[in-house]
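> Input run_9.pdb, format and content: PDB, C-alpha atoms.
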ATOM      1  CA  MET A   1     -53.174  10.367  35.948
ATOM      2  CA  ASP A   2     -54.784  11.710  32.777
ATOM      3  CA  LYS A   3     -56.177   8.933  30.512
ATOM      4  CA  THR A   4     -54.379  10.389  27.477
ATOM      5  CA  ILE A   5     -51.047  10.208  29.283
ATOM      6  CA  ASN A   6     -51.822   6.661  30.453
ATOM      7  CA  ASP A   7     -52.660   5.573  26.923
ATOM      8  CA  GLU A   8     -49.465   7.135  25.592
ATOM      9  CA  MET A   9     -47.362   5.367  28.232
ATOM     10  CA  ASP A  10     -49.058   2.043  27.455
ATOM     11  CA  ARG A  11     -48.436   2.475  23.730
ATOM     12  CA  HIS A  12     -44.805   3.318  24.384
ATOM     13  CA  LYS A  13     -44.342   0.272  26.610
ATOM     14  CA  ARG A  14     -45.935  -2.085  24.054
ATOM     15  CA  LYS A  15     -43.730  -0.601  21.336
ATOM     16  CA  MET A  16     -40.597  -1.068  23.432
ATOM     17  CA  VAL A  17     -41.571  -4.654  24.323
ATOM     18  CA  LYS A  18     -41.870  -5.483  20.614
ATOM     19  CA  LYS A  19     -38.647  -3.672  19.851
ATOM     20  CA  LYS A  20     -36.766  -5.548  22.588
ATOM     21  CA  ALA A  21     -38.105  -8.899  21.348
ATOM     22  CA  ALA A  22     -36.965  -8.103  17.813
ATOM     23  CA  ARG A  23     -33.614  -6.910  19.057
ATOM     24  CA  ASP A  24     -33.112  -9.986  21.243
ATOM     25  CA  LYS A  25     -33.883 -12.203  18.247
ATOM     26  CA  ILE A  26     -31.280 -10.412  16.146
ATOM     27  CA  MET A  27     -28.672 -10.559  18.909
ATOM     28  CA  ALA A  28     -29.292 -14.277  19.457
ATOM     29  CA  SER A  29     -28.280 -14.924  15.847
ATOM     30  CA  LYS A  30     -24.915 -13.169  16.295
ATOM     31  CA  THR A  31     -22.767 -15.872  17.844
ATOM     32  CA  SER A  32     -19.362 -15.683  16.174
ATOM     33  CA  THR A  33     -16.366 -13.450  16.892
ATOM     34  CA  LYS A  34     -13.313 -12.606  14.795
ATOM     35  CA  GLY A  35     -10.510 -10.138  14.563
ATOM     36  CA  LEU A  36     -11.809  -7.170  12.593
ATOM     37  CA  ILE A  37     -10.254  -4.985   9.924
ATOM     38  CA  ILE A  38     -11.514  -1.496  10.763
ATOM     39  CA  VAL A  39     -11.108   1.599   8.584
ATOM     40  CA  HIS A  40     -11.606   5.192   9.756
ATOM     41  CA  THR A  41     -11.485   7.591   6.819
ATOM     42  CA  GLY A  42     -13.078  10.747   5.419
ATOM     43  CA  LYS A  43     -12.416  14.487   5.550
ATOM     44  CA  GLY A  44     -13.985  14.988   8.971
ATOM     45  CA  LYS A  45     -12.144  15.228  12.276
ATOM     46  CA  GLY A  46     -12.072  12.261  14.631
ATOM     47  CA  LYS A  47     -10.486   9.379  12.734
ATOM     48  CA  SER A  48      -7.446   8.928  14.961
ATOM     49  CA  SER A  49      -9.347  10.129  18.047
ATOM     50  CA  SER A  50     -11.925   7.378  17.613
ATOM     51  CA  ALA A  51      -9.237   4.787  16.957
ATOM     52  CA  PHE A  52      -7.359   5.763  20.111
ATOM     53  CA  GLY A  53     -10.631   5.455  21.999
ATOM     54  CA  MET A  54     -10.691   1.819  20.900
ATOM     55  CA  VAL A  55      -7.077   1.400  22.011
ATOM     56  CA  PHE A  56      -7.913   2.701  25.487
ATOM     57  CA  ARG A  57     -10.985   0.463  25.576
ATOM     58  CA  ALA A  58      -8.740  -2.500  24.743
ATOM     59  CA  ILE A  59      -6.325  -1.493  27.500
ATOM     60  CA  ALA A  60      -9.239  -1.382  29.956
ATOM     61  CA  HIS A  61     -10.093  -4.978  29.001
ATOM     62  CA  SER A  62      -6.450  -6.082  29.390
ATOM     63  CA  ILE A  63      -6.166  -6.690  25.640
ATOM     64  CA  PRO A  64      -2.532  -6.283  24.529
ATOM     65  CA  CYS A  65      -2.258  -3.711  21.756
ATOM     66  CA  ALA A  66       0.150  -1.642  19.713
ATOM     67  CA  VAL A  67       0.214   1.618  17.765
ATOM     68  CA  VAL A  68       2.261   2.499  14.687
ATOM     69  CA  GLN A  69       2.095   6.125  13.541
ATOM     70  CA  PHE A  70       2.939   6.496   9.847
ATOM     71  CA  ILE A  71       2.864  10.283   9.405
ATOM     72  CA  LYS A  72       2.834  12.126  12.709
ATOM     73  CA  GLY A  73       6.261  12.369  14.200
ATOM     74  CA  GLY A  74       7.724  15.581  15.499
ATOM     75  CA  MET A  75       4.827  16.927  17.539
ATOM     76  CA  LYS A  76       3.903  15.693  20.977
ATOM     77  CA  THR A  77       0.442  14.209  21.356
ATOM     78  CA  GLY A  78      -1.641  13.509  24.435
ATOM     79  CA  GLU A  79      -2.342   9.920  23.354
ATOM     80  CA  ARG A  80       1.311   9.023  22.981
ATOM     81  CA  ASP A  81       2.335  10.728  26.224
ATOM     82  CA  LEU A  82      -0.452   9.018  28.178
ATOM     83  CA  ILE A  83       0.252   5.562  26.769
ATOM     84  CA  GLU A  84       4.022   5.772  27.141
ATOM     85  CA  THR A  85       3.760   7.182  30.670
ATOM     86  CA  HIS A  86       1.024   4.990  32.109
ATOM     87  CA  PHE A  87       0.260   2.050  29.795
ATOM     88  CA  SER A  88       3.549   1.077  28.151
ATOM     89  CA  SER A  89       3.233  -2.513  29.385
ATOM     90  CA  GLU A  90      -0.243  -2.841  27.837
ATOM     91  CA  CYS A  91       0.420  -0.980  24.585
ATOM     92  CA  SER A  92       3.579  -0.685  22.491
ATOM     93  CA  PHE A  93       3.859   2.676  20.716
ATOM     94  CA  PHE A  94       5.964   3.371  17.619
ATOM     95  CA  THR A  95       6.075   6.812  16.013
ATOM     96  CA  MET A  96       7.741   6.089  12.690
ATOM     97  CA  GLY A  97       6.914   9.177  10.639
ATOM     98  CA  GLU A  98       8.701  12.498  10.691
ATOM     99  CA  GLY A  99       5.778  14.842  10.228
ATOM    100  CA  PHE A 100       3.135  15.816   7.715
ATOM    101  CA  THR A 101       4.145  15.488   4.065
ATOM    102  CA  TRP A 102       3.925  19.218   3.401
ATOM    103  CA  GLU A 103       6.404  19.777   6.231
ATOM    104  CA  THR A 104       8.949  17.096   5.326
ATOM    105  CA  GLN A 105       8.903  17.848   1.548
ATOM    106  CA  ASP A 106      11.088  14.804   0.895
ATOM    107  CA  LYS A 107       9.259  11.959  -0.832
ATOM    108  CA  SER A 108      12.159   9.533  -0.799
ATOM    109  CA  ARG A 109      12.668  10.015   2.940
ATOM    110  CA  ASP A 110       8.912   9.796   3.611
ATOM    111  CA  THR A 111       8.758   6.569   1.592
ATOM    112  CA  GLU A 112      11.701   5.116   3.506
ATOM    113  CA  MET A 113      10.099   5.920   6.842
ATOM    114  CA  ALA A 114       6.685   4.598   5.760
ATOM    115  CA  GLN A 115       8.245   1.348   4.589
ATOM    116  CA  ALA A 116       9.968   0.973   7.957
ATOM    117  CA  ALA A 117       6.651   1.630   9.681
ATOM    118  CA  TRP A 118       4.914  -0.984   7.528
ATOM    119  CA  LYS A 119       7.623  -3.539   8.356
ATOM    120  CA  LYS A 120       7.092  -2.857  12.070
ATOM    121  CA  ALA A 121       3.309  -3.083  11.580
ATOM    122  CA  GLN A 122       3.647  -6.547  10.038
ATOM    123  CA  GLU A 123       5.725  -7.715  12.995
ATOM    124  CA  LEU A 124       3.140  -6.424  15.467
ATOM    125  CA  ILE A 125       0.110  -7.783  13.611
ATOM    126  CA  THR A 126       1.566 -11.291  13.532
ATOM    127  CA  ALA A 127       2.913 -11.162  17.104
ATOM    128  CA  PRO A 128       1.066 -13.848  19.099
ATOM    129  CA  ASP A 129       0.823 -11.676  22.221
ATOM    130  CA  ILE A 130      -0.852  -8.652  20.546
ATOM    131  CA  GLN A 131      -4.559  -8.611  19.736
ATOM    132  CA  LEU A 132      -5.192  -5.068  18.471
ATOM    133  CA  VAL A 133      -2.967  -2.924  16.254
ATOM    134  CA  LEU A 134      -3.649   0.674  15.254
ATOM    135  CA  LEU A 135      -1.987   1.822  12.015
ATOM    136  CA  ASP A 136      -2.462   5.549  12.404
ATOM    137  CA  GLU A 137      -2.525   7.566   9.148
ATOM    138  CA  ILE A 138      -1.509   4.564   7.026
ATOM    139  CA  ASN A 139      -4.252   5.502   4.555
ATOM    140  CA  ILE A 140      -2.330   8.682   3.774
ATOM    141  CA  ALA A 141       0.878   6.699   3.271
ATOM    142  CA  MET A 142      -0.971   4.455   0.818
ATOM    143  CA  ARG A 143      -2.607   7.434  -0.891
ATOM    144  CA  TYR A 144       0.819   8.960  -1.660
ATOM    145  CA  GLY A 145       2.271   5.626  -2.754
ATOM    146  CA  TYR A 146       4.714   5.319   0.138
ATOM    147  CA  VAL A 147       3.177   1.930   0.935
ATOM    148  CA  SER A 148       1.344  -0.283  -1.549
ATOM    149  CA  GLU A 149      -2.369  -0.670  -0.848
ATOM    150  CA  GLY A 150      -2.316  -4.001  -2.657
ATOM    151  CA  GLU A 151       0.507  -5.240  -0.446
ATOM    152  CA  VAL A 152      -1.271  -4.122   2.722
ATOM    153  CA  CYS A 153      -4.526  -5.796   1.682
ATOM    154  CA  ALA A 154      -2.740  -9.008   0.666
ATOM    155  CA  PHE A 155      -0.937  -9.153   3.994
ATOM    156  CA  LEU A 156      -4.125  -8.569   5.983
ATOM    157  CA  SER A 157      -5.942 -11.217   3.933
ATOM    158  CA  ASN A 158      -3.239 -13.859   4.176
ATOM    159  CA  HIS A 159      -1.270 -13.241   7.355
ATOM    160  CA  LYS A 160      -3.412 -11.411   9.920
ATOM    161  CA  PRO A 161      -4.203 -13.830  12.754
ATOM    162  CA  GLU A 162      -7.881 -14.723  12.996
ATOM    163  CA  ASP A 163      -8.387 -13.055  16.394
ATOM    164  CA  THR A 164      -6.308  -9.902  15.821
ATOM    165  CA  HIS A 165      -8.037  -6.560  15.230
ATOM    166  CA  VAL A 166      -6.362  -4.018  12.931
ATOM    167  CA  ILE A 167      -7.470  -0.370  12.691
ATOM    168  CA  LEU A 168      -6.342   1.740   9.739
ATOM    169  CA  THR A 169      -6.892   5.509   9.829
ATOM    170  CA  GLY A 170      -6.470   8.456   7.508
ATOM    171  CA  ARG A 171      -8.215  10.253   4.672
ATOM    172  CA  ASN A 172      -8.787   8.763   1.243
ATOM    173  CA  ALA A 173      -8.870   5.074   2.111
ATOM    174  CA  GLY A 174      -8.664   3.094  -1.136
ATOM    175  CA  GLN A 175     -11.522   1.030  -2.502
ATOM    176  CA  GLN A 176      -9.550  -2.211  -2.235
ATOM    177  CA  LEU A 177      -9.060  -1.655   1.488
ATOM    178  CA  ASN A 178     -12.672  -0.638   2.020
ATOM    179  CA  ASP A 179     -13.855  -3.774   0.223
ATOM    180  CA  LEU A 180     -11.649  -5.951   2.429
ATOM    181  CA  ALA A 181     -12.557  -4.288   5.728
ATOM    182  CA  ASP A 182     -15.219  -5.557   8.125
ATOM    183  CA  LEU A 183     -16.066  -2.052   9.334
ATOM    184  CA  VAL A 184     -15.621   1.228   7.460
ATOM    185  CA  THR A 185     -16.548   4.582   8.963
ATOM    186  CA  GLU A 186     -16.292   7.781   6.940
ATOM    187  CA  MET A 187     -16.042  10.963   8.978
ATOM    188  CA  THR A 188     -17.951  13.759   7.213
ATOM    189  CA  LEU A 189     -16.804  17.344   7.597
ATOM    190  CA  VAL A 190     -19.723  19.634   8.398
ATOM    191  CA  LYS A 191     -17.943  22.441  10.224
ATOM    192  CA  HIS A 192     -14.409  22.960  11.522
ATOM    193  CA  PRO A 193     -13.001  25.752  13.724
ATOM    194  CA  PHE A 194      -9.855  25.949  11.578
ATOM    195  CA  ARG A 195     -11.917  27.666   8.895
ATOM    196  CA  ALA A 196     -12.784  30.362  11.415
ATOM    197  CA  GLY A 197      -9.135  31.035  12.161
ATOM    198  CA  ILE A 198      -8.890  28.868  15.261
ATOM    199  CA  LYS A 199      -5.668  26.865  15.465
ATOM    200  CA  ALA A 200      -5.193  23.292  16.674
ATOM    201  CA  GLN A 201      -5.394  23.070  20.452
ATOM    202  CA  PRO A 202      -4.037  20.551  23.002
ATOM    203  CA  GLY A 203      -6.636  18.144  24.271
ATOM    204  CA  ILE A 204      -8.743  18.630  21.130
ATOM    205  CA  GLU A 205      -6.480  18.050  18.136
ATOM    206  CA  TYR A 206      -3.411  16.539  19.806
TER     207      TYR A 206
END
Using C-alpha cells, write down the structure that the file contains.


Amino acid sequence: MDKTINDEMDRHKRKMVKKKAARDKIMASKTSTKGLIIVHTGKGKGKSSSAFGMVFRAIAHSIPCAVVQFIKGGMKTGERDLIETHFSSECSFFTMGEGFTWETQDKSRDTEMAQAAWKKAQELITAPDIQLVLLDEINIAMRYGYVSEGEVCAFLSNHKPEDTHVILTGRNAGQQLNDLADLVTEMTLVKHPFRAGIKAQPGIEY
C-alpha cells in the first residue's frame, strides 16, 4: 500500500482513538436520568413527525404513552390510524381539536375544545402507568390564548412526575416554555413543496 495512504490511515486512527477517549470520558459523567420536557417548534416541517417518531420508539421499548391532539381533528392521519389499529394497548390517543383555526373560525369553540384537551393532558401526565405524553400542537393553542402558557408551565413544574416525558409541538413556542424545557428543537424552513403548488400528500404530511 502507498506510504501516503498508510500515513493518512494512521493519522485517522489516532484521531479517532483520541476522539473516542474524549467521548467516553464525557459519557461516563452522564449518569442521571429524568423525565424530559421536550419542545418541537419553528416554521419548518417535521415537528409532529419527529414527536411521533419518539412515540413509536417508546412503544418499541414497551414504554406506556399517550397522545393528545389540540388542533388537528377532522382529517385522518397515518399516525392515529396506525396507533389505534395496532398499538392501542401501548398508546392512548385523544384527538380533541376540531381542525385548524382558519377552518373552524370559532374562537369560543376552539377555546372550549383546547381547555378540554388540556384537562385530559393533565390526567395523562399524572397517570402513574404512563411515562411519555405527546401534546401535539399545544404550542398553537397557547399562542392563540386558548390555553394559558403560564398554567401549562406551572403544571409541568409542579405536577409532572419525575420520570414522565412530555413532548409539546407546534409553531411559536413561548419563551417561558422554552426556558422550562430540557430540550428545545426549532425546525427551520428552507424549502417547502407547498410553495411550488404541491399539496399535502398522505404518508408525507399526514

> So which one's closest to Cys153 in chain A, A:Thr95, A:Ser29, A:Asn6, A:Asn139? Using only C-alpha atoms, please.

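Distance minimum relative to Cys153 in chain A lands on A:Asn139.
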
> Just checking: using all atoms listed in the file, which residue out of A:Gly44, A:Gly174, A:Pro64, A:Gly53 ends up closest to Val190 in chain A?

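Counting all atoms listed in the file, the residue closest to Val190 in chain A is A:Gly44.
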
> Need to verify the contact set: Gln69 in chain A, 9 Å, only C-alpha atoms, exclusion of same-chain residues closer than 3 positions in sequence. Can you return it as a list in words?

Lys72, Gly73, Phe93, Phe94, Thr95, Met96, Gly97, Ala117, Leu134, Leu135, Asp136, Glu137 and Ile138 of chain A

> Please provide the set of residues having any atom within 12 Å of Gln175 in chain A, restricted to only C-alpha atoms, with same-chain residues fewer than 5 positions apart removed, written as a list in words.

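What passes the distance filter is Val39, Thr41, Asn139, Met142, Arg143, Glu149, Gly150, Cys153, Leu180, Ala181 and Val184 of chain A.
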
> Just to be explicit: take each residue in the selection above, keep C-alpha atoms, and write the result as a PDB file, keeping the file's coordinate frame.


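Saved result, out-v4.pdb, follows:
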ATOM      1  CA  VAL A  39     -11.108   1.599   8.584  1.00  0.00           C
ATOM      2  CA  THR A  41     -11.485   7.591   6.819  1.00  0.00           C
ATOM      3  CA  ASN A 139      -4.252   5.502   4.555  1.00  0.00           C
ATOM      4  CA  MET A 142      -0.971   4.455   0.818  1.00  0.00           C
ATOM      5  CA  ARG A 143      -2.607   7.434  -0.891  1.00  0.00           C
ATOM      6  CA  GLU A 149      -2.369  -0.670  -0.848  1.00  0.00           C
ATOM      7  CA  GLY A 150      -2.316  -4.001  -2.657  1.00  0.00           C
ATOM      8  CA  CYS A 153      -4.526  -5.796   1.682  1.00  0.00           C
ATOM      9  CA  LEU A 180     -11.649  -5.951   2.429  1.00  0.00           C
ATOM     10  CA  ALA A 181     -12.557  -4.288   5.728  1.00  0.00           C
ATOM     11  CA  VAL A 184     -15.621   1.228   7.460  1.00  0.00           C
TER      12      VAL A 184
END

> Could you tell me how far CA of Glu205 in chain A lies from CA of Glu84 in chain A, in Å and to one decimal?

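One can read the CA of Glu205 in chain A to CA of Glu84 in chain A distance as 18.5 Å.
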
> What gap, in Å, lies between CA of Gly203 in chain A and CA of Lys47 in chain A?

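Pair CA of Gly203 in chain A / CA of Lys47 in chain A returns 15.0 Å.
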
> Starting from the PyMOL selection byres ((chain A and resi 164) around 10), expand the selection into actual residues of this file and give them as an MDAnalysis selection string.

chainID A and resid 34:37 65 125:133 160:163 165:166

> If you count only C-alpha atoms, which residues fall within 12 Å of Met187 in chain A, apart from same-chain ones fewer than 5 positions away, as a list in words?

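Skipping anything fewer than 5 positions along the chain leaves Val39, His40, Thr41, Gly42, Lys43, Gly44, Lys45, Gly46, Lys47, Ser48, Ser49, Ser50, Thr169, Gly170, Arg171, Asn172 and Ala173 of chain A.
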
> Just the number, please: distance in Å from CA of Asp182 in chain A to CA of Ile38 in chain A, one decimal.

6.1 Å

> Go through A:Asp81, A:Glu90, A:Glu151, A:Glu186 one by one, measure the shortest atom-to-atom distance of each to Gln115 in chain A using all atoms listed in the file, and give the residue with the smallest value.

A:Glu151

> Go through A:Asp110, A:Phe87, A:Ala51, A:Ile198 one by one, measure the shortest atom-to-atom distance of each to Ile167 in chain A using only C-alpha atoms, and give the residue with the smallest value.

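The closest residue to Ile167 in chain A is A:Ala51.
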
> Write out as JSON an axis-aligned box for range 52-70 of chain A: all of its atoms listed in the file, 3 Å added on each side, centre and edge lengths in Å with one decimal.


{"center_x": -4.0, "center_y": -0.1, "center_z": 19.9, "size_x": 19.9, "size_y": 19.2, "size_z": 26.1}

> So which residues get picked by the PyMOL selection byres ((chain A and resi 76-79) around 8) here, written as a VMD selection string?

chain A and resid 52 73 to 75 80 to 83 202 to 203 206

> Point out the residue among A:Ile63, A:Met9, A:Met27, A:Ile204 with the least atom-to-atom distance to Ser89 in chain A, counting all atoms listed in the file.

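Looking at the shortest contact to Ser89 in chain A, the residue is A:Ile63.
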
> Kindly reconstruct range 151-171 of chain A with N, CA and C atoms and present the result as a PDB file, in the frame of the given file.


ATOM      1  N   GLU A 151      -0.321  -4.456  -1.365  1.00  0.00           N
ATOM      2  CA  GLU A 151       0.507  -5.240  -0.446  1.00  0.00           C
ATOM      3  C   GLU A 151      -0.118  -5.294   0.941  1.00  0.00           C
ATOM      4  N   VAL A 152      -0.634  -4.164   1.405  1.00  0.00           N
ATOM      5  CA  VAL A 152      -1.271  -4.122   2.722  1.00  0.00           C
ATOM      6  C   VAL A 152      -2.482  -5.050   2.749  1.00  0.00           C
ATOM      7  N   CYS A 153      -3.317  -4.963   1.722  1.00  0.00           N
ATOM      8  CA  CYS A 153      -4.526  -5.796   1.682  1.00  0.00           C
ATOM      9  C   CYS A 153      -4.173  -7.277   1.586  1.00  0.00           C
ATOM     10  N   ALA A 154      -3.156  -7.609   0.794  1.00  0.00           N
ATOM     11  CA  ALA A 154      -2.740  -9.008   0.666  1.00  0.00           C
ATOM     12  C   ALA A 154      -2.226  -9.545   1.992  1.00  0.00           C
ATOM     13  N   PHE A 155      -1.467  -8.713   2.699  1.00  0.00           N
ATOM     14  CA  PHE A 155      -0.937  -9.153   3.994  1.00  0.00           C
ATOM     15  C   PHE A 155      -2.075  -9.374   4.991  1.00  0.00           C
ATOM     16  N   LEU A 156      -3.015  -8.429   5.049  1.00  0.00           N
ATOM     17  CA  LEU A 156      -4.125  -8.569   5.983  1.00  0.00           C
ATOM     18  C   LEU A 156      -4.971  -9.797   5.645  1.00  0.00           C
ATOM     19  N   SER A 157      -5.133 -10.067   4.366  1.00  0.00           N
ATOM     20  CA  SER A 157      -5.942 -11.217   3.933  1.00  0.00           C
ATOM     21  C   SER A 157      -5.261 -12.536   4.264  1.00  0.00           C
ATOM     22  N   ASN A 158      -3.944 -12.578   4.114  1.00  0.00           N
ATOM     23  CA  ASN A 158      -3.239 -13.859   4.176  1.00  0.00           C
ATOM     24  C   ASN A 158      -2.468 -14.113   5.469  1.00  0.00           C
ATOM     25  N   HIS A 159      -2.159 -13.052   6.205  1.00  0.00           N
ATOM     26  CA  HIS A 159      -1.270 -13.241   7.355  1.00  0.00           C
ATOM     27  C   HIS A 159      -1.815 -12.719   8.682  1.00  0.00           C
ATOM     28  N   LYS A 160      -2.850 -11.900   8.658  1.00  0.00           N
ATOM     29  CA  LYS A 160      -3.412 -11.411   9.920  1.00  0.00           C
ATOM     30  C   LYS A 160      -4.009 -12.583  10.697  1.00  0.00           C
ATOM     31  N   PRO A 161      -3.597 -12.765  11.940  1.00  0.00           N
ATOM     32  CA  PRO A 161      -4.203 -13.830  12.754  1.00  0.00           C
ATOM     33  C   PRO A 161      -5.717 -13.647  12.883  1.00  0.00           C
ATOM     34  N   GLU A 162      -6.420 -14.740  13.000  1.00  0.00           N
ATOM     35  CA  GLU A 162      -7.881 -14.723  12.996  1.00  0.00           C
ATOM     36  C   GLU A 162      -8.469 -13.840  14.090  1.00  0.00           C
ATOM     37  N   ASP A 163      -7.819 -13.795  15.256  1.00  0.00           N
ATOM     38  CA  ASP A 163      -8.387 -13.055  16.394  1.00  0.00           C
ATOM     39  C   ASP A 163      -7.791 -11.660  16.584  1.00  0.00           C
ATOM     40  N   THR A 164      -6.952 -11.204  15.682  1.00  0.00           N
ATOM     41  CA  THR A 164      -6.308  -9.902  15.821  1.00  0.00           C
ATOM     42  C   THR A 164      -7.106  -8.818  15.106  1.00  0.00           C
ATOM     43  N   HIS A 165      -7.354  -7.718  15.815  1.00  0.00           N
ATOM     44  CA  HIS A 165      -8.037  -6.560  15.230  1.00  0.00           C
ATOM     45  C   HIS A 165      -6.984  -5.584  14.688  1.00  0.00           C
ATOM     46  N   VAL A 166      -7.246  -5.018  13.516  1.00  0.00           N
ATOM     47  CA  VAL A 166      -6.362  -4.018  12.931  1.00  0.00           C
ATOM     48  C   VAL A 166      -7.191  -2.806  12.535  1.00  0.00           C
ATOM     49  N   ILE A 167      -6.783  -1.629  13.013  1.00  0.00           N
ATOM     50  CA  ILE A 167      -7.470  -0.370  12.691  1.00  0.00           C
ATOM     51  C   ILE A 167      -6.562   0.453  11.796  1.00  0.00           C
ATOM     52  N   LEU A 168      -7.108   0.938  10.682  1.00  0.00           N
ATOM     53  CA  LEU A 168      -6.342   1.740   9.739  1.00  0.00           C
ATOM     54  C   LEU A 168      -7.022   3.100   9.597  1.00  0.00           C
ATOM     55  N   THR A 169      -6.281   4.182   9.864  1.00  0.00           N
ATOM     56  CA  THR A 169      -6.892   5.509   9.829  1.00  0.00           C
ATOM     57  C   THR A 169      -6.265   6.383   8.745  1.00  0.00           C
ATOM     58  N   GLY A 170      -6.970   7.466   8.448  1.00  0.00           N
ATOM     59  CA  GLY A 170      -6.470   8.456   7.508  1.00  0.00           C
ATOM     60  C   GLY A 170      -7.439   8.706   6.371  1.00  0.00           C
ATOM     61  N   ARG A 171      -7.354   9.884   5.799  1.00  0.00           N
ATOM     62  CA  ARG A 171      -8.215  10.253   4.672  1.00  0.00           C
ATOM     63  C   ARG A 171      -7.967   9.357   3.457  1.00  0.00           C
TER      64      ARG A 171
END
